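Asker: Got a structure for you, written out below as structure tokens; questions coming shortly.
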2 protein chains.
Amino acid sequence: MRAVDIIARKRDGHELTRDEIAAFVDGCTRGTIPDYQTAAWLMAIVCRGMTSQEATDLALAMAASGQTLDWSAVAPIVADKHSTGGVGDKTTLVVAPLVAAAGLPVAKMSGRGLSFTGGTLDKLESIPGFRVERTVDEMRAQVARIGVVIASQTRELAPADGLLYALRDATATVPSIPLIASSIMSKKLAAGANIIVLDVKVGLGAFMKTLAEARALARLMVQIGEGAGRPVRAVLAAMDQPLGNAIGNALEVEEAVQVLRGRGPRDLRDHCLLLGAHMLVLGGRAASLEDASRLAERTLSSGQALERLARCVEAQGGDTRVVSAPRAVLPSAREVRAVAAPRAGYLQALHAETLGLVAMRLGAGRERKGDPIDHGVGLLLHKKVGDEVQAGEPLATIHARDSESWTRASQEVLAACAIGDEPVLAPPLVWETL
Amino acid sequence: MRAVDIIARKRDGHELTRDEIAAFVDGCTRGTIPDYQTAAWLMAIVCRGMTSQEATDLALAMAASGQTLDWSAVAPIVADKHSTGGVGDKTTLVVAPLVAAAGLPVAKMSGRGLSFTGGTLDKLESIPGFRVERTVDEMRAQVARIGVVIASQTRELAPADGLLYALRDATATVPSIPLIASSIMSKKLAAGANIIVLDVKVGLGAFMKTLAEARALARLMVQIGEGAGRPVRAVLAAMDQPLGNAIGNALEVEEAVQVLRGRGPRDLRDHCLLLGAHMLVLGGRAASLEDASRLAERTLSSGQALERLARCVEAQGGDTRVVSAPRAVLPSAREVRAVAAPRAGYLQALHAETLGLVAMRLGAGRERKGDPIDHGVGLLLHKKVGDEVQAGEPLATIHARDSESWTRASQEVLAACAIGDEPVLAPPLVWETL
């Protein structure tokens with residue numbers, strides 16, 4: 001099986017066999033297939049697409065390229081969740097301890113923020129002392145003891161995905177539904193959870209801008225999960241405006257803690273409860289979504305979910321006072337002032353991607369991989385789409401490093417808000433569930 | 001201008017600008033764009049195509065990547081011809097001296113044979129002493145003195161094309177009309193001739209198997225020539241059966257000499273006269289194709305064309321007795337015997353590609369670049385499509401190294417011939433002219 005023949009078959013629009021895909025991924029990983037052949041293969045996939053069987057085989061081959069985790073010695077069913085990335089998305093900080101507290105162990109490997117999206121690891125690292133690097137043994141022991149771990153992906157997990165992703169980034173072969181789906185799923189499959197809930201973001205603040213794209217991606221990831229024998233549910237969640245009110249690492253941790261204390265923004269709370277409920281149903285802790293929702297709500301209001309976050313923070317070396325007095329321990333910014341609404345009316349749009357980029361430029365995120373970040377800076381929105389606004393009323397509070405960056409951010413925030421005369425309805429949180 | 005952005009624009013089906021194409025070709029040539037980016041770009045071109053403007057810009061950029069020849073000091077108009085490669089195609093050996101003898105200088109850089117097709121350089125090297133390697137100064141002096149040179153392409157000519165071609169071969173990005181057209185034309189443009197006649201082969205013994213493909217390739221090459229200010233004519237020539245009767249280097253030289261002596265197979269003679277006439281019209285030596293045809297025929301029958309070949313052979317160090325007594329100087333094979341027709345009937349097909357491969361396996365051609373070849377071996381066909389055949393009559397004479405290879409070839413030759421009861425018409429030589 002020559003690499004050039006496999007490339008030619010994909011170039012001509014044929015369906016590749018499992019063996020062909022496995023041989024290609026194996027050759028990339030071991031370095032026997034040169035990058036230029038892999039690049040041509042990836043572009044042929046971008047242009048010609050892949051069937052769900054091919055995407056499943058690709059995800060499985062990438063998962064098999066490195067270490068694969070097995071949780072069976074720890075618990076009969078371990079759950080995982082994944083968000084495709086949005087603005088203000090701190091759901092993992094709420095959902096993981098909540099689901100664990102409801103009796104379903106959660107082993108979650110997260111990533112870092114890039115461009116307009118944040119990353120769970122960055123958020124957790126705003127908690128003094130919190131360590132995201134865990135060995136497999138440490139993760140296993142932690143899940144066995146407290147039912148939850150949130151750690152960074154180990155280097156040994158799906159190395160083929162890392163190699164292919166680096167090449168895709170340099171060869172304009174990122175935007176491909178089968179490549180995105182198999183990349184995400186390869187890591188989920190290698191991470192070993194038995195059931196997976198996917199939070200597929202769609203809209204102005206997501207990588208998938210249209211419902212059609214997001215649906216195609218979600219459907220394919222569900223099919224890959226099925227093909228690999230892992231039940232997967234995908235929630236298509238609106239990401240036109242940010243989720244919750246906080247954007248920025250420490251601010252988002254504080255907001256997550258508020259939700260776990262029974263407060264916090266309604267949209268964030270509802271979305272966390274919904275994702276948690278889907279995990280509990282898939283994991284067999286509830287017979288129906290209604291039962292699971294009630295269980296999730298009870299776990300939240302009883303304080304058990306908050307307590308579970310505290311145990312997770314403690315297990316990973318963080319300052320547990322974050323759950324009782326977050327402001328006392330989390331880093332903060334020097335220049336904290338509100339931006340006032342320039343006119344009265346109704347907030348008709350809050351452009352999520354723009355606000356994500358504002359937060360990034362404030363220092364909360366990275367333009368390039370490896371850039372340093374400032375955990376204290378960010379935005380706190382006081383109005384969401386559909387809210388009525390008075391002239392001069394605070395729209396958002398900007399937490400900036402200095403007055404110069406505050407001023408730039410304030411102009412950008414105003415440009416991201418549309419205030420009009422007509423009342424508008426708050427947009428839906430979820431478009432559909434697959 | 002980042003390479004990845006140029007790749008993305010082609011991936012998304014946009015037309016690249018001249019500057020983008022020039023930047024990419026320049027980056028490849030200077031090594032600042034890595035092979036994996038070039039490979040992705042090539043695959044995007046294969047999948048999304050190129051407009052004629054893009055193909056023109058690509059050809060010009062590749063031509064500009066190295067040395068470009070200028071014949072203006074030698075003659076006001078210098079002509080070139082190019083065949084896309086077929087079986088038994090020895091037209092250059094006839095046309096170049098013929099056109100030169102008719103008053104239009106010809107500067108021809110040729111290639112070597114690969115797979116089922118032969119190459120003019122290999123044919124010329126069957127003439128003892130003939131040197132195909134010429135410096136630019138030597139070529140210029142020879143054209144000034146005798147009006148014709150047939151040499152190998154210098155390494156400095158369109159180096160970007162060489163680099164891209166090597167990568168295309170390894171990345172399954174060869175079959176693309178715009179890439180093929182700009183590759184051919186880049187070398188023609190760099191070689192500096194003012195007018196170019198293209199012999200685009202179509203059929204079972206050509207790289208273009210269908211008339212539609214060949215027409216698209218020919219049309220694009222004509223457009224590239226126009227865009228570069230070089231008049232180009234393209235003849236779509238049938239290549240289902242071999243051209244002429246001889247396949248194999250020395251045998252083809254001998255056949256070309258026969259044509260120049262006013263004999264030789266009718267199809268080869270007609271095709272050479274047609275190509276020569278087109279060159280003479282484009283080069284301004286005749287007002288119409290009719291006039292040019294008469295001029296070509298006169299030049300042939302007067303012996304001037306043969307005499308011009310002799311001067312070319314002499315100038316390039318070859319044994320000039322090849323024009324008077326070819327068999328006395330050309331290498332020959334040890335095992336020369338005819339294959340007899342197994343039945344009576346009409347020859348309905350002579351599969352050109354198969355016969356090309358038979359000749360290659362006899363030793364006349366190369367499976368891989370750089371393989372050694374045997375100038376003496378090959379095939380001489382005694383029947384062409386449409387001819388009546390008696391059982392036992394010789395179909396073809398095989399010139400082999402030994403009886404073992406003769407035997408294998410004889411079976412393969414019989415498999416390549418279809419004899420049927422129904423009379424068939426000899427196929428047309430030329431489908432159309434662009």
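Labeling convention for the structure tokens: chains A, B, ... as they appear, residues from 1 per chain, ligands from 1 in order of appearance.
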Contacts from chain B to chain A, 12 Å maximum, only C-alpha atoms: show me the residue list as an mmCIF file with all heavy atoms, in the first residue's frame.

Answerer:
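Okay, this is what ended up in iface00.cif:
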data_model
loop_
_atom_site.group_PDB
_atom_site.id
_atom_site.type_symbol
_atom_site.label_atom_id
_atom_site.label_comp_id
_atom_site.auth_asym_id
_atom_site.auth_seq_id
_atom_site.Cartn_x
_atom_site.Cartn_y
_atom_site.Cartn_z
ATOM 1 N N ARG B 2 1.081 35.446 3.164
ATOM 2 C CA ARG B 2 1.511 34.189 3.767
ATOM 3 C C ARG B 2 1.096 33.026 2.873
ATOM 4 O O ARG B 2 -0.010 33.003 2.319
ATOM 5 C CB ARG B 2 0.871 34.024 5.146
ATOM 6 C CG ARG B 2 1.262 35.101 6.163
ATOM 7 C CD ARG B 2 0.758 34.727 7.542
ATOM 8 N NE ARG B 2 -0.635 34.284 7.488
ATOM 9 C CZ ARG B 2 -1.186 33.473 8.383
ATOM 10 N NH1 ARG B 2 -0.465 32.994 9.382
ATOM 11 N NH2 ARG B 2 -2.457 33.143 8.279
ATOM 12 N N ALA B 3 1.970 32.027 2.775
ATOM 13 C CA ALA B 3 1.681 30.864 1.930
ATOM 14 C C ALA B 3 0.360 30.223 2.335
ATOM 15 O O ALA B 3 -0.457 29.839 1.489
ATOM 16 C CB ALA B 3 2.819 29.851 2.024
ATOM 17 N N VAL B 4 0.110 30.128 3.641
ATOM 18 C CA VAL B 4 -1.093 29.433 4.114
ATOM 19 C C VAL B 4 -2.354 30.166 3.652
ATOM 20 O O VAL B 4 -3.378 29.529 3.346
ATOM 21 C CB VAL B 4 -1.039 29.251 5.652
ATOM 22 C CG1 VAL B 4 -1.140 30.570 6.393
ATOM 23 C CG2 VAL B 4 -2.105 28.281 6.139
ATOM 24 N N ASP B 5 -2.291 31.480 3.530
ATOM 25 C CA ASP B 5 -3.459 32.230 3.054
ATOM 26 C C ASP B 5 -3.698 32.002 1.562
ATOM 27 O O ASP B 5 -4.842 31.938 1.102
ATOM 28 C CB ASP B 5 -3.277 33.724 3.329
ATOM 29 C CG ASP B 5 -3.175 34.018 4.819
ATOM 30 O OD1 ASP B 5 -3.836 33.299 5.601
ATOM 31 O OD2 ASP B 5 -2.434 34.947 5.194
ATOM 32 N N ILE B 6 -2.605 31.872 0.819
ATOM 33 C CA ILE B 6 -2.734 31.597 -0.616
ATOM 34 C C ILE B 6 -3.323 30.197 -0.812
ATOM 35 O O ILE B 6 -4.197 29.984 -1.653
ATOM 36 C CB ILE B 6 -1.362 31.735 -1.324
ATOM 37 C CG1 ILE B 6 -0.810 33.167 -1.120
ATOM 38 C CG2 ILE B 6 -1.481 31.408 -2.804
ATOM 39 C CD1 ILE B 6 0.603 33.375 -1.661
ATOM 40 N N ILE B 7 -2.866 29.252 -0.001
ATOM 41 C CA ILE B 7 -3.423 27.888 -0.077
ATOM 42 C C ILE B 7 -4.922 27.931 0.238
ATOM 43 O O ILE B 7 -5.737 27.324 -0.459
ATOM 44 C CB ILE B 7 -2.723 26.940 0.923
ATOM 45 C CG1 ILE B 7 -1.217 26.876 0.664
ATOM 46 C CG2 ILE B 7 -3.328 25.535 0.856
ATOM 47 C CD1 ILE B 7 -0.432 26.176 1.786
ATOM 48 N N ALA B 8 -5.287 28.674 1.286
ATOM 49 C CA ALA B 8 -6.693 28.736 1.704
ATOM 50 C C ALA B 8 -7.557 29.330 0.595
ATOM 51 O O ALA B 8 -8.678 28.873 0.350
ATOM 52 C CB ALA B 8 -6.832 29.555 2.983
ATOM 53 N N ARG B 9 -7.033 30.338 -0.100
ATOM 54 C CA ARG B 9 -7.831 30.954 -1.167
ATOM 55 C C ARG B 9 -8.068 29.957 -2.306
ATOM 56 O O ARG B 9 -9.160 29.905 -2.868
ATOM 57 C CB ARG B 9 -7.170 32.230 -1.668
ATOM 58 C CG ARG B 9 -7.311 33.345 -0.638
ATOM 59 C CD ARG B 9 -7.037 34.768 -1.070
ATOM 60 N NE ARG B 9 -6.707 35.022 -2.424
ATOM 61 C CZ ARG B 9 -7.597 35.388 -3.376
ATOM 62 N NH1 ARG B 9 -8.857 35.550 -3.065
ATOM 63 N NH2 ARG B 9 -7.191 35.610 -4.594
ATOM 64 N N LYS B 10 -7.061 29.183 -2.616
ATOM 65 C CA LYS B 10 -7.266 28.184 -3.680
ATOM 66 C C LYS B 10 -8.181 27.064 -3.182
ATOM 67 O O LYS B 10 -9.070 26.617 -3.904
ATOM 68 C CB LYS B 10 -5.902 27.660 -4.146
ATOM 69 C CG LYS B 10 -5.926 26.641 -5.272
ATOM 70 C CD LYS B 10 -6.915 26.938 -6.382
ATOM 71 C CE LYS B 10 -6.587 28.154 -7.224
ATOM 72 N NZ LYS B 10 -7.733 28.437 -8.173
ATOM 73 N N ARG B 11 -7.996 26.651 -1.929
ATOM 74 C CA ARG B 11 -8.884 25.631 -1.331
ATOM 75 C C ARG B 11 -10.344 26.058 -1.443
ATOM 76 O O ARG B 11 -11.228 25.247 -1.724
ATOM 77 C CB ARG B 11 -8.505 25.467 0.150
ATOM 78 C CG ARG B 11 -9.411 24.549 0.942
ATOM 79 C CD ARG B 11 -9.266 24.840 2.439
ATOM 80 N NE ARG B 11 -9.836 26.132 2.789
ATOM 81 C CZ ARG B 11 -9.491 26.870 3.844
ATOM 82 N NH1 ARG B 11 -8.554 26.459 4.655
ATOM 83 N NH2 ARG B 11 -10.076 28.030 4.079
ATOM 84 N N ASP B 12 -10.591 27.354 -1.248
ATOM 85 C CA ASP B 12 -11.970 27.843 -1.293
ATOM 86 C C ASP B 12 -12.431 28.197 -2.703
ATOM 87 O O ASP B 12 -13.504 28.785 -2.875
ATOM 88 C CB ASP B 12 -12.107 29.054 -0.360
ATOM 89 C CG ASP B 12 -11.906 28.658 1.101
ATOM 90 O OD1 ASP B 12 -12.043 27.455 1.412
ATOM 91 O OD2 ASP B 12 -11.596 29.537 1.934
ATOM 92 N N GLY B 13 -11.625 27.836 -3.701
ATOM 93 C CA GLY B 13 -12.055 27.991 -5.081
ATOM 94 C C GLY B 13 -11.889 29.388 -5.659
ATOM 95 O O GLY B 13 -12.451 29.690 -6.709
ATOM 96 N N ILE B 33 9.279 28.321 1.119
ATOM 97 C CA ILE B 33 7.993 27.655 1.362
ATOM 98 C C ILE B 33 8.273 26.162 1.456
ATOM 99 O O ILE B 33 8.837 25.580 0.523
ATOM 100 C CB ILE B 33 6.982 27.956 0.232
ATOM 101 C CG1 ILE B 33 6.615 29.443 0.251
ATOM 102 C CG2 ILE B 33 5.729 27.085 0.360
ATOM 103 C CD1 ILE B 33 5.639 29.856 -0.824
ATOM 104 N N PRO B 34 7.920 25.537 2.593
ATOM 105 C CA PRO B 34 8.245 24.109 2.740
ATOM 106 C C PRO B 34 7.404 23.237 1.803
ATOM 107 O O PRO B 34 6.313 23.625 1.385
ATOM 108 C CB PRO B 34 7.922 23.815 4.205
ATOM 109 C CG PRO B 34 6.996 24.894 4.641
ATOM 110 C CD PRO B 34 7.281 26.102 3.793
ATOM 111 N N ASP B 35 7.939 22.066 1.512
ATOM 112 C CA ASP B 35 7.276 21.143 0.592
ATOM 113 C C ASP B 35 5.850 20.819 1.006
ATOM 114 O O ASP B 35 4.980 20.620 0.153
ATOM 115 C CB ASP B 35 8.064 19.825 0.512
ATOM 116 C CG ASP B 35 9.265 19.939 -0.401
ATOM 117 O OD1 ASP B 35 9.401 20.969 -1.082
ATOM 118 O OD2 ASP B 35 10.059 18.986 -0.425
ATOM 119 N N TYR B 36 5.588 20.745 2.336
ATOM 120 C CA TYR B 36 4.233 20.345 2.721
ATOM 121 C C TYR B 36 3.210 21.423 2.363
ATOM 122 O O TYR B 36 2.076 21.101 2.027
ATOM 123 C CB TYR B 36 4.151 19.947 4.211
ATOM 124 C CG TYR B 36 4.691 20.939 5.210
ATOM 125 C CD1 TYR B 36 3.915 22.005 5.633
ATOM 126 C CD2 TYR B 36 5.966 20.794 5.737
ATOM 127 C CE1 TYR B 36 4.413 22.914 6.559
ATOM 128 C CE2 TYR B 36 6.476 21.689 6.662
ATOM 129 C CZ TYR B 36 5.684 22.751 7.075
ATOM 130 O OH TYR B 36 6.165 23.654 7.980
ATOM 131 N N GLN B 37 3.632 22.691 2.398
ATOM 132 C CA GLN B 37 2.701 23.736 1.969
ATOM 133 C C GLN B 37 2.507 23.686 0.453
ATOM 134 O O GLN B 37 1.397 23.835 -0.047
ATOM 135 C CB GLN B 37 3.205 25.117 2.400
ATOM 136 C CG GLN B 37 3.079 25.317 3.913
ATOM 137 C CD GLN B 37 3.355 26.739 4.346
ATOM 138 O OE1 GLN B 37 4.265 27.376 3.853
ATOM 139 N NE2 GLN B 37 2.571 27.237 5.289
ATOM 140 N N THR B 38 3.582 23.440 -0.267
ATOM 141 C CA THR B 38 3.466 23.337 -1.718
ATOM 142 C C THR B 38 2.572 22.164 -2.103
ATOM 143 O O THR B 38 1.747 22.275 -3.010
ATOM 144 C CB THR B 38 4.866 23.176 -2.341
ATOM 145 O OG1 THR B 38 5.696 24.240 -1.866
ATOM 146 C CG2 THR B 38 4.796 23.228 -3.848
ATOM 147 N N ALA B 39 2.725 21.052 -1.391
ATOM 148 C CA ALA B 39 1.914 19.863 -1.695
ATOM 149 C C ALA B 39 0.431 20.157 -1.479
ATOM 150 O O ALA B 39 -0.415 19.769 -2.288
ATOM 151 C CB ALA B 39 2.354 18.686 -0.823
ATOM 152 N N ALA B 40 0.101 20.851 -0.388
ATOM 153 C CA ALA B 40 -1.301 21.182 -0.120
ATOM 154 C C ALA B 40 -1.831 22.121 -1.196
ATOM 155 O O ALA B 40 -2.972 21.992 -1.653
ATOM 156 C CB ALA B 40 -1.436 21.823 1.261
ATOM 157 N N TRP B 41 -0.984 23.051 -1.622
ATOM 158 C CA TRP B 41 -1.375 24.007 -2.661
ATOM 159 C C TRP B 41 -1.647 23.267 -3.978
ATOM 160 O O TRP B 41 -2.662 23.496 -4.641
ATOM 161 C CB TRP B 41 -0.243 25.025 -2.823
ATOM 162 C CG TRP B 41 -0.506 26.173 -3.738
ATOM 163 C CD1 TRP B 41 -1.476 27.127 -3.606
ATOM 164 C CD2 TRP B 41 0.239 26.522 -4.911
ATOM 165 N NE1 TRP B 41 -1.358 28.046 -4.620
ATOM 166 C CE2 TRP B 41 -0.322 27.702 -5.433
ATOM 167 C CE3 TRP B 41 1.336 25.961 -5.564
ATOM 168 C CZ2 TRP B 41 0.171 28.326 -6.582
ATOM 169 C CZ3 TRP B 41 1.824 26.583 -6.703
ATOM 170 C CH2 TRP B 41 1.246 27.747 -7.209
ATOM 171 N N LEU B 42 -0.754 22.335 -4.320
ATOM 172 C CA LEU B 42 -0.923 21.577 -5.563
ATOM 173 C C LEU B 42 -2.206 20.762 -5.529
ATOM 174 O O LEU B 42 -2.950 20.715 -6.512
ATOM 175 C CB LEU B 42 0.294 20.671 -5.797
ATOM 176 C CG LEU B 42 1.599 21.404 -6.145
ATOM 177 C CD1 LEU B 42 2.784 20.446 -6.059
ATOM 178 C CD2 LEU B 42 1.508 22.022 -7.543
ATOM 179 N N MET B 43 -2.485 20.115 -4.382
ATOM 180 C CA MET B 43 -3.712 19.318 -4.303
ATOM 181 C C MET B 43 -4.947 20.224 -4.389
ATOM 182 O O MET B 43 -5.951 19.851 -5.004
ATOM 183 C CB MET B 43 -3.731 18.482 -3.024
ATOM 184 C CG MET B 43 -4.937 17.549 -2.912
ATOM 185 S SD MET B 43 -5.102 16.361 -4.284
ATOM 186 C CE MET B 43 -4.007 15.039 -3.717
ATOM 187 N N ALA B 44 -4.877 21.412 -3.798
ATOM 188 C CA ALA B 44 -6.001 22.344 -3.913
ATOM 189 C C ALA B 44 -6.203 22.738 -5.377
ATOM 190 O O ALA B 44 -7.342 22.854 -5.848
ATOM 191 C CB ALA B 44 -5.764 23.581 -3.047
ATOM 192 N N ILE B 45 -5.116 22.902 -6.121
ATOM 193 C CA ILE B 45 -5.231 23.226 -7.555
ATOM 194 C C ILE B 45 -5.836 22.049 -8.307
ATOM 195 O O ILE B 45 -6.719 22.217 -9.146
ATOM 196 C CB ILE B 45 -3.843 23.603 -8.142
ATOM 197 C CG1 ILE B 45 -3.358 24.918 -7.531
ATOM 198 C CG2 ILE B 45 -3.913 23.699 -9.666
ATOM 199 C CD1 ILE B 45 -1.910 25.263 -7.862
ATOM 200 N N VAL B 46 -5.380 20.831 -7.994
ATOM 201 C CA VAL B 46 -5.944 19.641 -8.650
ATOM 202 C C VAL B 46 -7.460 19.598 -8.415
ATOM 203 O O VAL B 46 -8.237 19.352 -9.337
ATOM 204 C CB VAL B 46 -5.287 18.350 -8.127
ATOM 205 C CG1 VAL B 46 -6.042 17.114 -8.601
ATOM 206 C CG2 VAL B 46 -3.825 18.280 -8.556
ATOM 207 N N CYS B 47 -7.879 19.858 -7.169
ATOM 208 C CA CYS B 47 -9.302 19.718 -6.823
ATOM 209 C C CYS B 47 -10.143 20.900 -7.284
ATOM 210 O O CYS B 47 -11.296 20.724 -7.660
ATOM 211 C CB CYS B 47 -9.456 19.546 -5.312
ATOM 212 S SG CYS B 47 -8.760 17.998 -4.697
ATOM 213 N N ARG B 48 -9.614 22.103 -7.222
ATOM 214 C CA ARG B 48 -10.419 23.300 -7.528
ATOM 215 C C ARG B 48 -10.163 23.878 -8.897
ATOM 216 O O ARG B 48 -10.889 24.773 -9.335
ATOM 217 C CB ARG B 48 -10.160 24.393 -6.476
ATOM 218 C CG ARG B 48 -10.398 23.969 -5.037
ATOM 219 C CD ARG B 48 -11.830 23.539 -4.791
ATOM 220 N NE ARG B 48 -12.073 23.337 -3.371
ATOM 221 C CZ ARG B 48 -12.928 22.453 -2.883
ATOM 222 N NH1 ARG B 48 -13.625 21.662 -3.696
ATOM 223 N NH2 ARG B 48 -13.087 22.343 -1.579
ATOM 224 N N GLY B 49 -9.089 23.433 -9.571
ATOM 225 C CA GLY B 49 -8.796 23.956 -10.899
ATOM 226 C C GLY B 49 -8.149 25.329 -10.870
ATOM 227 O O GLY B 49 -7.866 25.886 -9.803
ATOM 228 N N LEU B 164 8.500 21.406 -8.735
ATOM 229 C CA LEU B 164 7.073 21.105 -8.575
ATOM 230 C C LEU B 164 6.755 19.737 -9.146
ATOM 231 O O LEU B 164 5.971 18.983 -8.568
ATOM 232 C CB LEU B 164 6.207 22.172 -9.256
ATOM 233 C CG LEU B 164 6.153 23.530 -8.546
ATOM 234 C CD1 LEU B 164 5.285 24.511 -9.337
ATOM 235 C CD2 LEU B 164 5.592 23.380 -7.131
ATOM 236 N N ALA B 166 8.621 17.059 -9.354
ATOM 237 C CA ALA B 166 9.081 15.989 -8.453
ATOM 238 C C ALA B 166 8.086 15.816 -7.302
ATOM 239 O O ALA B 166 7.759 14.691 -6.906
ATOM 240 C CB ALA B 166 10.469 16.320 -7.914
ATOM 241 N N LEU B 167 7.583 16.938 -6.795
ATOM 242 C CA LEU B 167 6.625 16.882 -5.691
ATOM 243 C C LEU B 167 5.283 16.326 -6.172
ATOM 244 O O LEU B 167 4.639 15.537 -5.475
ATOM 245 C CB LEU B 167 6.448 18.298 -5.129
ATOM 246 C CG LEU B 167 5.939 18.437 -3.707
ATOM 247 C CD1 LEU B 167 6.766 17.615 -2.733
ATOM 248 C CD2 LEU B 167 5.976 19.906 -3.294
ATOM 249 N N ARG B 168 4.869 16.726 -7.376
ATOM 250 C CA ARG B 168 3.595 16.227 -7.914
ATOM 251 C C ARG B 168 3.623 14.715 -8.062
ATOM 252 O O ARG B 168 2.650 14.024 -7.774
ATOM 253 C CB ARG B 168 3.296 16.885 -9.262
ATOM 254 C CG ARG B 168 2.832 18.331 -9.116
ATOM 255 C CD ARG B 168 2.803 19.037 -10.470
ATOM 256 N NE ARG B 168 1.902 18.376 -11.399
ATOM 257 C CZ ARG B 168 1.955 18.504 -12.722
ATOM 258 N NH1 ARG B 168 2.889 19.257 -13.270
ATOM 259 N NH2 ARG B 168 1.103 17.878 -13.493
ATOM 260 N N ASP B 169 4.769 14.212 -8.521
ATOM 261 C CA ASP B 169 4.917 12.788 -8.730
ATOM 262 C C ASP B 169 4.711 12.023 -7.422
ATOM 263 O O ASP B 169 4.135 10.934 -7.404
ATOM 264 C CB ASP B 169 6.330 12.540 -9.266
ATOM 265 C CG ASP B 169 6.432 11.248 -10.031
ATOM 266 O OD1 ASP B 169 5.476 10.926 -10.751
ATOM 267 O OD2 ASP B 169 7.458 10.560 -9.892
ATOM 268 N N ALA B 170 5.131 12.593 -6.299
ATOM 269 C CA ALA B 170 5.072 11.915 -4.997
ATOM 270 C C ALA B 170 3.778 12.182 -4.252
ATOM 271 O O ALA B 170 3.518 11.565 -3.215
ATOM 272 C CB ALA B 170 6.256 12.354 -4.133
ATOM 273 N N THR B 171 2.965 13.120 -4.739
ATOM 274 C CA THR B 171 1.781 13.518 -3.973
ATOM 275 C C THR B 171 0.486 13.334 -4.752
ATOM 276 O O THR B 171 -0.547 13.899 -4.372
ATOM 277 C CB THR B 171 1.889 14.996 -3.523
ATOM 278 O OG1 THR B 171 2.076 15.821 -4.677
ATOM 279 C CG2 THR B 171 3.041 15.200 -2.562
ATOM 280 N N ALA B 172 0.540 12.547 -5.825
ATOM 281 C CA ALA B 172 -0.669 12.262 -6.614
ATOM 282 C C ALA B 172 -1.316 13.541 -7.133
ATOM 283 O O ALA B 172 -2.534 13.649 -7.198
ATOM 284 C CB ALA B 172 -1.670 11.432 -5.794
ATOM 285 N N THR B 173 -0.477 14.505 -7.513
ATOM 286 C CA THR B 173 -1.031 15.743 -8.063
ATOM 287 C C THR B 173 -0.588 15.964 -9.507
ATOM 288 O O THR B 173 -0.536 17.089 -9.982
ATOM 289 C CB THR B 173 -0.639 16.960 -7.187
ATOM 290 O OG1 THR B 173 0.763 16.933 -6.926
ATOM 291 C CG2 THR B 173 -1.373 16.938 -5.869
ATOM 292 N N VAL B 174 -0.293 14.860 -10.206
ATOM 293 C CA VAL B 174 0.073 14.980 -11.622
ATOM 294 C C VAL B 174 -1.138 15.278 -12.497
ATOM 295 O O VAL B 174 -1.105 16.198 -13.302
ATOM 296 C CB VAL B 174 0.835 13.718 -12.100
ATOM 297 C CG1 VAL B 174 1.021 13.749 -13.612
ATOM 298 C CG2 VAL B 174 2.189 13.610 -11.400
ATOM 299 N N PRO B 175 -2.253 14.524 -12.365
ATOM 300 C CA PRO B 175 -3.342 14.701 -13.337
ATOM 301 C C PRO B 175 -4.160 15.962 -13.087
ATOM 302 O O PRO B 175 -5.180 15.936 -12.402
ATOM 303 C CB PRO B 175 -4.190 13.441 -13.159
ATOM 304 C CG PRO B 175 -3.944 13.001 -11.768
ATOM 305 C CD PRO B 175 -2.563 13.471 -11.395
ATOM 306 N N SER B 176 -3.732 17.052 -13.637
ATOM 307 C CA SER B 176 -4.444 18.320 -13.529
ATOM 308 C C SER B 176 -4.139 19.103 -14.790
ATOM 309 O O SER B 176 -2.972 19.383 -15.073
ATOM 310 C CB SER B 176 -3.950 19.085 -12.294
ATOM 311 O OG SER B 176 -4.100 20.479 -12.475
#

Asker: Name the residues in contact with Gly85 (chain A) at a cut-off of 10 Å, using only C-alpha atoms, excluding same-chain residues fewer than 2 positions from it; report them as a ChimeraX atom specification.

Answerer: /A:82-83,87-89,111,113-114,116-120,199-202,205-208,239

Asker: Give me the residues near Ser126 (chain A) as number ranges by chain, where near means some atom within 12 Å (using only C-alpha atoms) and where sequence neighbours in that chain fewer than 4 positions away do not count.

Answerer: A: 119-122, 130-132, 248-254, 313, 318-319, 322, 326-327, 329-332, 364, 373-377

Asker: DSSP on the backbone, alpha helix (DSSP H) only: what residues of region 271-334 of chain A does that give? Format it as number ranges by chain.

Answerer: A: 271-282, 289-301, 304-315, 326-329

Asker: Can you tell me, as a PDB file with C-alpha atoms, in the first residue's frame, what residues are no more than 9 Å from Thr299 (chain A) when counting only C-alpha atoms, ignoring any on the same chain fewer than 5 positions away?

Answerer:
ATOM      1  CA  LEU A  98     -22.061  18.461  39.549  1.00  0.00           C
ATOM      2  CA  VAL A  99     -22.216  15.189  37.603  1.00  0.00           C
ATOM      3  CA  ALA A 101     -21.625  14.667  42.931  1.00  0.00           C
ATOM      4  CA  ALA A 102     -24.698  13.082  41.345  1.00  0.00           C
ATOM      5  CA  ARG A 294     -34.299  17.022  38.687  1.00  0.00           C
ATOM      6  CA  GLN A 304     -22.990  18.932  46.928  1.00  0.00           C
ATOM      7  CA  ALA A 305     -21.771  20.112  43.536  1.00  0.00           C
ATOM      8  CA  LEU A 306     -19.941  23.067  45.091  1.00  0.00           C
TER       9      LEU A 306
END
